[in-house]
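Enquirer: Sharing structure.txt, compact mmCIF, C-alpha atoms:
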# COMPACT_ATOMS: atom_id res chain seq x y z
CA MET T 1289 19.43 -5.85 1.20
CA ARG T 1290 20.25 -5.22 4.85
CA GLY T 1291 18.89 -2.49 7.04
CA PHE T 1292 18.46 -2.07 10.76
CA ARG T 1293 15.71 -1.80 13.35
CA ILE T 1294 16.15 0.36 16.44
CA LYS T 1295 13.99 0.17 19.55
CA PHE T 1296 14.26 2.96 22.10
CA ARG T 1297 11.58 3.63 24.73
CA SER T 1298 8.20 3.22 22.98
CA GLU T 1299 9.62 3.95 19.53
CA GLU T 1300 10.71 1.46 16.93
CA ILE T 1301 12.11 2.52 13.56
CA VAL T 1302 13.42 0.65 10.55
CA VAL T 1303 16.11 2.31 8.43
CA THR T 1304 16.81 1.02 4.93
CA PRO T 1305 20.04 1.48 2.93
CA ASP T 1306 18.30 4.23 0.94
CA PHE T 1307 19.55 6.53 3.69
CA ARG T 1308 23.18 7.14 4.61
CA SER T 1309 22.44 6.82 8.30
CA SER T 1310 24.13 7.04 11.68
CA VAL T 1311 23.42 6.07 15.26
CA THR T 1312 25.30 8.25 17.73
CA ILE T 1313 25.46 8.40 21.51
CA PHE T 1314 27.35 11.42 22.75
CA TYR T 1315 27.90 13.21 26.02
CA ASN T 1316 26.58 16.75 26.41
CA SER T 1317 27.82 18.42 29.61
CA SER T 1318 24.46 20.13 30.24
CA ASN T 1319 22.11 17.19 29.54
CA GLY T 1320 24.23 14.05 29.94
CA TYR T 1321 24.06 11.41 27.21
CA GLU T 1322 21.99 11.94 24.07
CA LEU T 1323 20.90 9.43 21.43
CA SER T 1324 20.70 10.54 17.81
CA VAL T 1325 19.51 8.44 14.85
CA ALA T 1326 19.75 10.39 11.61
CA GLY T 1327 20.04 9.87 7.89
CA ILE T 1328 20.51 11.60 4.57
CA LYS T 1329 18.83 10.51 1.34
CA GLY T 1330 19.98 11.89 -1.99
CA PHE T 1331 22.78 14.26 -2.87
CA GLY T 1332 23.40 17.99 -3.27
CA ASP T 1333 20.38 20.30 -3.35
CA ASP T 1334 18.02 17.31 -3.42
CA ALA T 1335 19.36 15.77 -0.19
CA LEU T 1336 16.81 15.03 2.52
CA ASP T 1337 18.27 15.28 6.05
CA THR T 1338 16.19 13.47 8.69
CA PHE T 1339 16.39 12.90 12.46
CA TRP T 1340 14.25 9.96 13.52
CA ILE T 1341 15.35 10.00 17.15
CA LYS T 1342 17.04 12.83 19.03
CA SER T 1343 16.60 12.39 22.76
CA ASP T 1344 18.34 12.66 26.11
CA MET T 1345 19.03 9.28 27.71
CA HIS T 1346 18.44 8.39 31.33
CA ILE T 1347 19.96 5.83 33.69
CA GLY T 1348 18.56 2.36 33.10
CA GLU T 1349 17.35 2.98 29.53
CA SER T 1350 18.39 0.62 26.77
CA ILE T 1351 18.67 0.65 23.00
CA GLU T 1352 18.14 -2.41 20.83
CA ILE T 1353 19.69 -2.46 17.33
CA GLU T 1354 18.98 -5.39 15.03
CA ILE T 1355 20.29 -6.00 11.50
CA ILE T 1356 17.31 -7.03 9.34
CA ASN T 1357 16.30 -7.92 5.79
CA ALA T 1358 15.24 -4.46 4.61
CA ASP T 1359 13.57 -5.86 1.48
CA LEU T 1360 10.57 -6.54 3.70
CA PHE T 1361 10.04 -2.81 4.36
CA VAL T 1362 9.16 0.27 2.32
CA SER T 1363 12.39 1.14 0.58
CA ASP T 1364 11.99 4.89 0.08
CA LEU T 1365 11.27 5.93 3.68
CA CYS T 1366 12.30 5.11 7.18
CA LYS T 1367 9.38 3.25 8.72
CA LYS T 1368 8.37 4.38 12.18
CA ILE T 1369 6.40 1.78 14.11
CA ARG T 1370 4.31 2.70 17.15
CA SER T 1371 4.18 0.10 19.90
How does the structure come out when it is put into structure tokens?
Expert:
Amino acid sequence: MRGFRIKFRSEEIVVTPDFRSSVTIFYNSSNGYELSVAGIKGFGDDALDTFWIKSDMHIGESIEIEIINADLFVSDLCKKIRS
């Protein structure tokens, strides 16, 4: 099963297909660009809504997104790795 790994600043997270997830970069007129990595697990009243990254972005910063084999990671949670 495929998932993805995101590296931004000193954070690295792995998101598995257990979450319906999104990576969004949008422009906010007061703060400039903002990065959001979020996901939802489950449905209805049992849905778990999670933001793993929600941060303003600055000039020169980069984001790395890699498609990975998610079978190698814990399948029921997003794994947050500290560098």
Enquirer: When you count all atoms listed in the file, which of these residues is closest to Arg1293 (chain T): T:Pro1305, T:Gly1320, T:Gly1348, T:Gly1332?
Expert: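 So, comparing all the options, the nearest one is T:Pro1305.
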Enquirer: Using all atoms listed in the file, which residue out of T:Arg1308, T:Lys1295, T:His1346, T:Arg1290 lies closest to Lys1329 (chain T)?
Expert: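 Smallest separation from Lys1329 (chain T) among the options: T:Arg1308.
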Enquirer: Return as lines of an AutoDock Vina configuration file the centre and edge lengths, in Å with one decimal, of the box along x, y and z that encloses every atom of region 1339-1348 of chain T in the file, padded by 4 Å per side.
Expert:
center_x = 17.1
center_y = 7.6
center_z = 23.1
size_x = 13.7
size_y = 18.5
size_z = 29.2
Enquirer: Figure out the distance between CA of Met1289 (chain T) and CA of Leu1360 (chain T), please, to one decimal in Å.
Expert: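 About the pair CA of Leu1360 (chain T) and CA of Met1289 (chain T): they are 9.2 Å apart.
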Enquirer: Can you work out the spacing between CA of Ile1294 (chain T) and CA of Ser1343 (chain T) in Å, to one decimal?
Expert: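 That distance, rounded to one decimal, is 13.6 Å.
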Enquirer: Calculate how many Å separate CA of Tyr1315 (chain T) from CA of Ile1347 (chain T), rounding to one decimal.
Expert: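 Rounded to one decimal, the two atoms are 13.3 Å apart.
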Enquirer: How would you write as an mmCIF file with C-alpha atoms, in the coordinates of the input the residues that get within 10 Å of (18.1, 11.0, 18.4) in the file's frame, counting all atoms listed in the file?
Expert:
data_model
loop_
_atom_site.group_PDB
_atom_site.id
_atom_site.type_symbol
_atom_site.label_atom_id
_atom_site.label_comp_id
_atom_site.auth_asym_id
_atom_site.auth_seq_id
_atom_site.Cartn_x
_atom_site.Cartn_y
_atom_site.Cartn_z
ATOM 1 C CA PHE T 1296 14.260 2.960 22.100
ATOM 2 C CA SER T 1310 24.130 7.040 11.680
ATOM 3 C CA VAL T 1311 23.420 6.070 15.260
ATOM 4 C CA THR T 1312 25.300 8.250 17.730
ATOM 5 C CA ILE T 1313 25.460 8.400 21.510
ATOM 6 C CA GLU T 1322 21.990 11.940 24.070
ATOM 7 C CA LEU T 1323 20.900 9.430 21.430
ATOM 8 C CA SER T 1324 20.700 10.540 17.810
ATOM 9 C CA VAL T 1325 19.510 8.440 14.850
ATOM 10 C CA ALA T 1326 19.750 10.390 11.610
ATOM 11 C CA PHE T 1339 16.390 12.900 12.460
ATOM 12 C CA TRP T 1340 14.250 9.960 13.520
ATOM 13 C CA ILE T 1341 15.350 10.000 17.150
ATOM 14 C CA LYS T 1342 17.040 12.830 19.030
ATOM 15 C CA SER T 1343 16.600 12.390 22.760
ATOM 16 C CA ASP T 1344 18.340 12.660 26.110
ATOM 17 C CA MET T 1345 19.030 9.280 27.710
#
Enquirer: Please return, as a list of chain:residue names, all polymer residues that have at least one atom within 6 Å of the point (20.2, 13.1, 6.0); use all atoms listed in the file and the file's own coordinate frame.
Expert: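 Result, sorted by chain then residue number: T:Gly1327, T:Ile1328, T:Lys1329, T:Leu1336, T:Asp1337, T:Thr1338.
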Enquirer: Of the candidates T:Ile1301, T:Phe1314, T:Phe1292, T:Asp1334, which one gets nearest to Ile1353 (chain T) if we count all atoms listed in the file?
Expert: T:Phe1292
Enquirer: Which residue, T:Tyr1321, T:Gly1291, T:Arg1297, T:Asp1306, has the smallest gap to Glu1352 (chain T) when you use all atoms listed in the file?
Expert: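 Using all atoms listed in the file, Glu1352 (chain T) sits closest to T:Arg1297.
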Enquirer: In terms of the shortest atom-to-atom distance over all atoms listed in the file, which of T:Ile1356, T:Ser1318, T:Ala1335, T:Ile1351 is closest to Glu1299 (chain T)?
Expert: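 Once distances to Glu1299 (chain T) are computed over all atoms listed in the file, the minimum belongs to T:Ile1351.
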